[in-house]
>>> print(open('model-v7.cif').read())   # mmCIF, C-alpha atoms
data_input
#
loop_
_atom_site.label_atom_id
_atom_site.label_comp_id
_atom_site.auth_asym_id
_atom_site.auth_seq_id
_atom_site.Cartn_x
_atom_site.Cartn_y
_atom_site.Cartn_z
CA MET N 245 107.85 82.86 75.79
CA LYS N 246 106.82 85.07 78.68
CA SER N 247 103.21 86.07 79.13
CA SER N 248 102.04 89.68 78.91
CA LYS N 249 101.58 89.70 82.68
CA GLU N 250 105.17 88.59 83.25
CA ILE N 251 106.56 91.13 80.80
CA LEU N 252 104.55 94.02 82.21
CA HIS N 253 105.33 92.99 85.79
CA LYS N 254 109.04 93.11 85.00
CA TYR N 255 108.88 96.53 83.38
CA ALA N 256 106.68 97.98 86.13
CA SER N 257 109.12 96.57 88.72
CA ASP N 258 112.07 98.07 86.87
CA MET N 259 110.33 101.46 86.87
CA MET N 260 109.71 101.17 90.62
CA GLY N 261 113.42 100.52 91.08
CA VAL N 262 114.38 103.63 89.14
CA GLU N 263 112.01 105.83 91.11
CA ARG N 264 112.95 104.29 94.47
CA HIS N 265 116.59 105.06 93.87
CA PHE N 266 115.82 108.61 92.75
CA LEU N 267 113.70 109.01 95.89
CA GLU N 268 116.62 107.84 98.01
CA VAL N 269 118.94 110.41 96.44
CA LEU N 270 116.37 113.16 97.02
CA GLY N 271 116.21 112.14 100.68
CA TYR N 272 119.93 112.87 101.03
CA GLN N 273 119.46 116.21 99.32
CA THR N 274 116.60 117.34 101.56
CA ALA N 275 118.74 116.51 104.58
CA ASP N 276 121.49 118.77 103.22
CA HIS N 277 121.58 121.95 105.30
CA ARG N 278 122.56 124.03 102.24
CA LEU N 279 119.16 123.52 100.65
CA LYS N 280 117.54 125.76 103.29
CA ASP N 281 119.18 128.76 101.59
CA TYR N 282 117.13 128.07 98.45
CA MET N 283 113.50 127.74 99.51
CA GLU N 284 112.17 127.41 95.96
CA ALA N 285 114.64 124.58 95.31
CA LYS N 286 113.73 122.81 98.55
CA GLU N 287 110.03 123.05 97.69
CA ILE N 288 110.49 121.44 94.27
CA VAL N 289 112.73 118.67 95.66
CA VAL N 290 110.13 117.86 98.34
CA LYS N 291 107.37 117.96 95.73
CA ILE N 292 109.30 115.51 93.54
CA GLN N 293 109.72 113.21 96.55
CA GLN N 294 105.98 113.21 97.16
CA VAL N 295 105.18 112.53 93.52
CA LEU N 296 107.69 109.67 93.28
CA ALA N 297 106.31 108.07 96.45
CA THR N 298 102.82 108.15 94.92
CA HIS N 299 104.12 106.70 91.64
CA ILE N 300 105.78 103.84 93.49
CA GLN N 301 102.58 103.07 95.42
CA ASN N 302 100.54 103.01 92.20
CA LEU N 303 103.04 100.74 90.45
CA GLU N 304 103.20 98.42 93.47
CA ARG N 305 99.41 98.14 93.53
CA TYR N 306 99.40 97.42 89.81
CA ALA N 307 102.19 94.81 90.00
CA ASP N 308 100.59 93.09 92.99
CA GLY N 309 97.30 92.92 91.06
CA LEU N 310 98.99 90.99 88.27
CA ASP N 311 99.52 88.12 90.70
CA VAL N 312 102.69 87.02 88.92
CA LYS N 313 104.58 84.36 90.81
CA ARG N 314 108.29 84.93 90.66
CA SER N 315 110.99 83.14 92.51
CA GLU N 316 112.92 85.05 95.17
CA SER N 317 116.13 84.75 93.12
CA LYS N 318 114.48 86.27 90.03
CA LEU N 319 113.17 89.18 92.10
CA LYS N 320 116.58 89.67 93.68
CA GLU N 321 118.26 89.50 90.27
CA ALA N 322 115.87 92.09 88.84
CA ALA N 323 116.32 94.37 91.84
CA THR N 324 120.11 94.12 91.58
CA LYS N 325 120.04 94.85 87.84
CA VAL N 326 117.80 97.92 88.26
CA THR N 327 119.72 99.19 91.27
CA GLY N 328 123.00 98.78 89.42
CA MET N 329 121.70 100.69 86.41
CA ALA N 330 120.22 103.43 88.56
CA THR N 331 123.31 103.62 90.76
CA GLY N 332 125.50 104.16 87.72
CA PHE N 333 123.29 107.03 86.63
CA TYR N 334 122.78 108.57 90.03
CA ASN N 335 126.41 108.43 91.03
CA LEU N 336 126.47 111.79 89.28
CA MET N 337 124.55 113.08 92.28
CA ARG N 338 127.01 113.54 95.09
CA LEU N 339 126.42 115.13 98.45
CA GLU N 340 129.53 117.26 98.15
CA ASP N 341 128.19 118.85 94.98
CA SER N 342 126.65 122.27 95.04
CA VAL N 343 122.90 122.73 95.24
CA MET N 344 122.79 123.86 91.61
CA ARG N 345 124.62 120.72 90.46
CA ASN N 346 122.28 118.51 92.49
CA LEU N 347 119.32 120.24 90.84
CA ARG N 348 120.89 119.74 87.43
CA ASP N 349 121.22 116.04 88.17
CA ASP N 350 117.66 115.89 89.52
CA TYR N 351 116.48 117.53 86.30
CA THR N 352 118.36 114.93 84.28
CA ALA N 353 116.91 112.13 86.42
CA LEU N 354 113.39 113.50 85.86
CA HIS N 355 113.99 113.25 82.12
CA MET N 356 115.34 109.72 82.41
CA ALA N 357 112.25 108.72 84.38
CA ALA N 358 110.02 110.52 81.86
CA ILE N 359 111.44 108.65 78.87
CA SER N 360 111.19 105.42 80.85
CA TYR N 361 107.50 106.12 81.41
CA THR N 362 107.11 106.92 77.71
CA MET N 363 108.53 103.48 76.96
CA LEU N 364 106.38 101.81 79.63
CA HIS N 365 103.27 103.49 78.26
CA ALA N 366 104.03 102.29 74.72
CA THR N 367 104.70 98.77 76.00
CA ALA N 368 101.46 98.71 77.98
CA LEU N 369 99.52 99.87 74.91
CA ALA N 370 101.14 97.14 72.81
CA HIS N 371 99.93 94.59 75.39
CA HIS N 372 96.47 96.20 75.55
CA ASP N 373 96.88 96.84 79.27
CA THR N 374 94.71 99.89 79.88
CA GLU N 375 95.54 100.17 83.59
CA LEU N 376 99.31 100.29 83.14
CA SER N 377 99.07 102.52 80.08
CA MET N 378 97.03 105.04 82.12
CA ILE N 379 99.32 104.82 85.18
CA SER N 380 102.41 105.37 83.03
CA LEU N 381 100.83 108.25 81.11
CA GLU N 382 99.68 110.02 84.30
CA ASN N 383 103.11 109.52 85.87
CA LEU N 384 104.73 110.90 82.72
CA LYS N 385 102.51 113.99 82.93
CA ASP N 386 103.56 114.46 86.57
CA LEU N 387 107.24 114.29 85.66
CA THR N 388 107.03 116.63 82.69
CA GLY N 389 105.23 119.19 84.84
CA LEU N 390 107.93 118.89 87.50
CA ALA N 391 110.67 119.29 84.89
CA ILE N 392 109.07 122.51 83.64
CA GLU N 393 108.72 123.76 87.20
CA MET N 394 112.33 122.88 87.96
CA SER N 395 113.52 124.71 84.83
CA ARG N 396 111.99 127.86 86.32
CA VAL N 397 113.79 127.38 89.66
CA ILE N 398 117.28 126.51 88.46
CA PRO N 399 118.37 129.91 87.00
CA ALA N 400 117.74 131.68 90.32
CA VAL N 401 119.59 129.00 92.28
CA VAL N 402 122.56 129.18 89.91
CA ILE N 403 122.88 132.95 90.16
CA LYS N 404 122.34 133.00 93.94
CA GLU N 405 124.81 130.20 94.57
CA LEU N 406 127.44 131.74 92.32
CA SER N 407 126.83 135.07 94.06
CA PHE N 408 127.46 133.45 97.48
CA GLU N 409 130.76 132.18 96.06
CA GLY N 410 131.66 135.62 94.65
CA LYS N 411 131.30 134.36 91.05
CA ALA N 412 128.16 136.25 89.96
CA PRO N 413 128.48 140.01 90.40
CA ASP N 414 124.93 140.90 89.28
CA VAL N 415 122.00 139.12 90.95
CA THR N 416 119.49 141.52 89.46
CA VAL N 417 119.46 139.41 86.27
CA ILE N 418 117.64 136.48 87.93
CA GLN N 419 114.23 137.30 86.46
CA GLN N 420 115.79 137.96 83.04
CA ALA N 421 117.47 134.54 83.16
CA ILE N 422 114.16 132.88 84.07
CA ASP N 423 112.22 134.77 81.39
CA ASN N 424 114.81 134.04 78.69
CA THR N 425 115.09 130.34 79.44
CA GLN N 426 111.32 129.88 79.72
CA SER N 427 110.90 131.69 76.41
CA ALA N 428 113.33 129.25 74.82
CA TRP N 429 111.14 126.34 75.99
CA ARG N 430 107.98 127.95 74.63
CA THR N 431 109.68 128.66 71.29
CA SER N 432 110.97 125.09 70.97
CA GLN N 433 107.45 123.72 71.51
CA SER N 434 106.25 125.48 68.37
CA VAL N 435 108.99 124.00 66.16
CA LYS N 436 107.69 121.12 64.04
#
>>> encode(input="model-v7.cif", output="structure tokens")
Amino acid sequence: MKSSKEILHKYASDMMGVERHFLEVLGYQTADHRLKDYMEAKEIVVKIQQVLATHIQNLERYADGLDVKRSESKLKEAATKVTGMATGFYNLMRLEDSVMRNLRDDYTALHMAAISYTMLHATALAHHDTELSMISLENLKDLTGLAIEMSRVIPAVVIKELSFEGKAPDVTVIQQAIDNTQSAWRTSQSVK
């Protein structure tokens, strides 16, 4: 049976793989010239990049501190497995997609990473690993905050982008769309 260190090292490494791949996709998006037309979207994408880079550094430091010896083939196998899983998910994010669709996929990826951190936090608690439980909880808080922030940005991007394509005749409803959707989130938080 694997030791707690080996188990936690594997899960922390898997989480790094998920976030590295998401970071790579965001790099393609920030290089997309269309994003400059949506400053609020560009700001949130860049902010997510910065947060993910910090998460990866914290997880690397944690994993290195475990001092778990793994063979090169096991590391390669784990990396391939994580990359394959993440690639399947992130193939939804294509460069030819519109900015609003990329943001939708980023939003979905944030939620996938958030539930992964929820699982990592629970696992760390079950192994009585205070450091990893705190790292995963803080990273989860970062991601949930970014998801809320992104939910405020997306309605404006959708209406603006559709307007540029001649598919949204009334751009004066942007604030109403933001207010309505944010209200829905606040209302759902009170449901028990």
>>> residues_around(input="model-v7.cif", residues="Val343 of chain N", least_positions_apart="4", cutoff="10 Å", atoms="all atoms listed in the file", output="short mmCIF file (atom, residue, chain, number, x, y, z; two decimals) with C-alpha atoms, in the frame of the given file")
data_model
loop_
_atom_site.label_atom_id
_atom_site.label_comp_id
_atom_site.auth_asym_id
_atom_site.auth_seq_id
_atom_site.Cartn_x
_atom_site.Cartn_y
_atom_site.Cartn_z
CA GLN N 273 119.46 116.21 99.32
CA ASP N 276 121.49 118.77 103.22
CA ARG N 278 122.56 124.03 102.24
CA LEU N 279 119.16 123.52 100.65
CA ASP N 281 119.18 128.76 101.59
CA TYR N 282 117.13 128.07 98.45
CA ALA N 285 114.64 124.58 95.31
CA LYS N 286 113.73 122.81 98.55
CA LEU N 339 126.42 115.13 98.45
CA LEU N 347 119.32 120.24 90.84
CA ARG N 348 120.89 119.74 87.43
CA ASP N 349 121.22 116.04 88.17
CA ILE N 398 117.28 126.51 88.46
CA VAL N 401 119.59 129.00 92.28
CA VAL N 402 122.56 129.18 89.91
CA GLU N 405 124.81 130.20 94.57
#
>>> residues_around(input="model-v7.cif", residues="segment 248-255 of chain N", least_positions_apart="4", cutoff="8 Å", atoms="only C-alpha atoms", output="list in words")
Met259, Ala307, Leu310, Val312, Ala322, Leu364, Thr367, Ala368 and His371 of chain N
>>> resolve_selection(input="model-v7.cif", expression="the PyMOL selection byres ((chain N and resi 295) around 12)", output="PyMOL selection string")
chain N and resi 263-264+266-267+270+288-294+296-302+354+382-390
>>> write_last_selection(input="model-v7.cif", atoms="C-alpha atoms", output="mmCIF file, keeping the file's coordinate frame")
data_model
loop_
_atom_site.group_PDB
_atom_site.id
_atom_site.type_symbol
_atom_site.label_atom_id
_atom_site.label_comp_id
_atom_site.auth_asym_id
_atom_site.auth_seq_id
_atom_site.Cartn_x
_atom_site.Cartn_y
_atom_site.Cartn_z
ATOM 1 C CA GLU N 263 112.010 105.830 91.110
ATOM 2 C CA ARG N 264 112.950 104.290 94.470
ATOM 3 C CA PHE N 266 115.820 108.610 92.750
ATOM 4 C CA LEU N 267 113.700 109.010 95.890
ATOM 5 C CA LEU N 270 116.370 113.160 97.020
ATOM 6 C CA ILE N 288 110.490 121.440 94.270
ATOM 7 C CA VAL N 289 112.730 118.670 95.660
ATOM 8 C CA VAL N 290 110.130 117.860 98.340
ATOM 9 C CA LYS N 291 107.370 117.960 95.730
ATOM 10 C CA ILE N 292 109.300 115.510 93.540
ATOM 11 C CA GLN N 293 109.720 113.210 96.550
ATOM 12 C CA GLN N 294 105.980 113.210 97.160
ATOM 13 C CA LEU N 296 107.690 109.670 93.280
ATOM 14 C CA ALA N 297 106.310 108.070 96.450
ATOM 15 C CA THR N 298 102.820 108.150 94.920
ATOM 16 C CA HIS N 299 104.120 106.700 91.640
ATOM 17 C CA ILE N 300 105.780 103.840 93.490
ATOM 18 C CA GLN N 301 102.580 103.070 95.420
ATOM 19 C CA ASN N 302 100.540 103.010 92.200
ATOM 20 C CA LEU N 354 113.390 113.500 85.860
ATOM 21 C CA GLU N 382 99.680 110.020 84.300
ATOM 22 C CA ASN N 383 103.110 109.520 85.870
ATOM 23 C CA LEU N 384 104.730 110.900 82.720
ATOM 24 C CA LYS N 385 102.510 113.990 82.930
ATOM 25 C CA ASP N 386 103.560 114.460 86.570
ATOM 26 C CA LEU N 387 107.240 114.290 85.660
ATOM 27 C CA THR N 388 107.030 116.630 82.690
ATOM 28 C CA GLY N 389 105.230 119.190 84.840
ATOM 29 C CA LEU N 390 107.930 118.890 87.500
#
>>> closest_residue(input="model-v7.cif", among="N:Met283, N:Ile392, N:Met245, N:Ala400", to="Ala428 of chain N", atoms="all atoms listed in the file")
N:Ile392
>>> atom_distance(input="model-v7.cif", atom1="atom CA of Asp373 of chain N", atom2="atom CA of Val262 of chain N")
21.2 Å
>>> atom_distance(input="model-v7.cif", atom1="atom CA of Ser377 of chain N", atom2="atom CA of His365 of chain N")
4.7 Å
>>> atom_distance(input="model-v7.cif", atom1="atom CA of Thr362 of chain N", atom2="atom CA of Tyr306 of chain N")
17.2 Å
>>> closest_residue(input="model-v7.cif", among="N:Ala370, N:Ile403, N:Met344, N:Ala391", to="Ile422 of chain N", atoms="all atoms listed in the file")
N:Ile403
>>> residues_around(input="model-v7.cif", residues="Ser395 of chain N", least_positions_apart="5", cutoff="8 Å", atoms="all atoms listed in the file", output="list in words")
Tyr351, Thr425 and Gln426 of chain N
>>> closest_residue(input="model-v7.cif", among="N:Thr431, N:Val269, N:Asp423, N:Ser342", to="Lys404 of chain N", atoms="only C-alpha atoms")
N:Ser342
>>> build_atoms(input="model-v7.cif", residues="segment 407-429 of chain N", atoms="N, CA and C atoms", output="mmCIF file, keeping the file's coordinate frame")
data_model
loop_
_atom_site.group_PDB
_atom_site.id
_atom_site.type_symbol
_atom_site.label_atom_id
_atom_site.label_comp_id
_atom_site.auth_asym_id
_atom_site.auth_seq_id
_atom_site.Cartn_x
_atom_site.Cartn_y
_atom_site.Cartn_z
ATOM 1 N N SER N 407 126.678 133.810 93.337
ATOM 2 C CA SER N 407 126.830 135.070 94.060
ATOM 3 C C SER N 407 127.426 134.830 95.448
ATOM 4 N N PHE N 408 126.937 133.792 96.150
ATOM 5 C CA PHE N 408 127.460 133.450 97.480
ATOM 6 C C PHE N 408 128.954 133.117 97.404
ATOM 7 N N GLU N 409 129.363 132.558 96.250
ATOM 8 C CA GLU N 409 130.760 132.180 96.060
ATOM 9 C C GLU N 409 131.589 133.331 95.472
ATOM 10 N N GLY N 410 130.962 134.471 95.234
ATOM 11 C CA GLY N 410 131.660 135.620 94.650
ATOM 12 C C GLY N 410 131.891 135.478 93.155
ATOM 13 N N LYS N 411 131.110 134.621 92.475
ATOM 14 C CA LYS N 411 131.300 134.360 91.050
ATOM 15 C C LYS N 411 130.204 134.921 90.162
ATOM 16 N N ALA N 412 129.225 135.618 90.752
ATOM 17 C CA ALA N 412 128.160 136.250 89.960
ATOM 18 C C ALA N 412 127.949 137.652 90.511
ATOM 19 N N PRO N 413 128.526 138.654 89.852
ATOM 20 C CA PRO N 413 128.480 140.010 90.400
ATOM 21 C C PRO N 413 127.114 140.694 90.322
ATOM 22 N N ASP N 414 126.200 140.213 89.465
ATOM 23 C CA ASP N 414 124.930 140.900 89.280
ATOM 24 C C ASP N 414 123.761 139.938 89.486
ATOM 25 N N VAL N 415 123.139 139.991 90.661
ATOM 26 C CA VAL N 415 122.000 139.120 90.950
ATOM 27 C C VAL N 415 120.678 139.697 90.456
ATOM 28 N N THR N 416 120.730 140.909 89.951
ATOM 29 C CA THR N 416 119.490 141.520 89.460
ATOM 30 C C THR N 416 119.020 140.910 88.141
ATOM 31 N N VAL N 417 119.814 140.030 87.557
ATOM 32 C CA VAL N 417 119.460 139.410 86.270
ATOM 33 C C VAL N 417 118.677 138.099 86.453
ATOM 34 N N ILE N 418 118.336 137.750 87.681
ATOM 35 C CA ILE N 418 117.640 136.480 87.930
ATOM 36 C C ILE N 418 116.359 136.382 87.105
ATOM 37 N N GLN N 419 115.501 137.369 87.193
ATOM 38 C CA GLN N 419 114.230 137.300 86.460
ATOM 39 C C GLN N 419 114.473 137.268 84.949
ATOM 40 N N GLN N 420 115.463 137.994 84.473
ATOM 41 C CA GLN N 420 115.790 137.960 83.040
ATOM 42 C C GLN N 420 116.220 136.557 82.628
ATOM 43 N N ALA N 421 117.029 135.906 83.463
ATOM 44 C CA ALA N 421 117.470 134.540 83.160
ATOM 45 C C ALA N 421 116.272 133.590 83.105
ATOM 46 N N ILE N 422 115.361 133.735 84.055
ATOM 47 C CA ILE N 422 114.160 132.880 84.070
ATOM 48 C C ILE N 422 113.313 133.144 82.833
ATOM 49 N N ASP N 423 113.051 134.414 82.551
ATOM 50 C CA ASP N 423 112.220 134.770 81.390
ATOM 51 C C ASP N 423 112.839 134.269 80.085
ATOM 52 N N ASN N 424 114.142 134.469 79.918
ATOM 53 C CA ASN N 424 114.810 134.040 78.690
ATOM 54 C C ASN N 424 114.768 132.531 78.502
ATOM 55 N N THR N 425 115.061 131.797 79.565
ATOM 56 C CA THR N 425 115.090 130.340 79.440
ATOM 57 C C THR N 425 113.686 129.768 79.251
ATOM 58 N N GLN N 426 112.697 130.340 79.913
ATOM 59 C CA GLN N 426 111.320 129.880 79.720
ATOM 60 C C GLN N 426 110.839 130.185 78.310
ATOM 61 N N SER N 427 111.250 131.328 77.781
ATOM 62 C CA SER N 427 110.900 131.690 76.410
ATOM 63 C C SER N 427 111.488 130.682 75.418
ATOM 64 N N ALA N 428 112.698 130.241 75.693
ATOM 65 C CA ALA N 428 113.330 129.250 74.820
ATOM 66 C C ALA N 428 112.511 127.957 74.792
ATOM 67 N N TRP N 429 111.977 127.553 75.941
ATOM 68 C CA TRP N 429 111.140 126.340 75.990
ATOM 69 C C TRP N 429 109.856 126.539 75.210
#
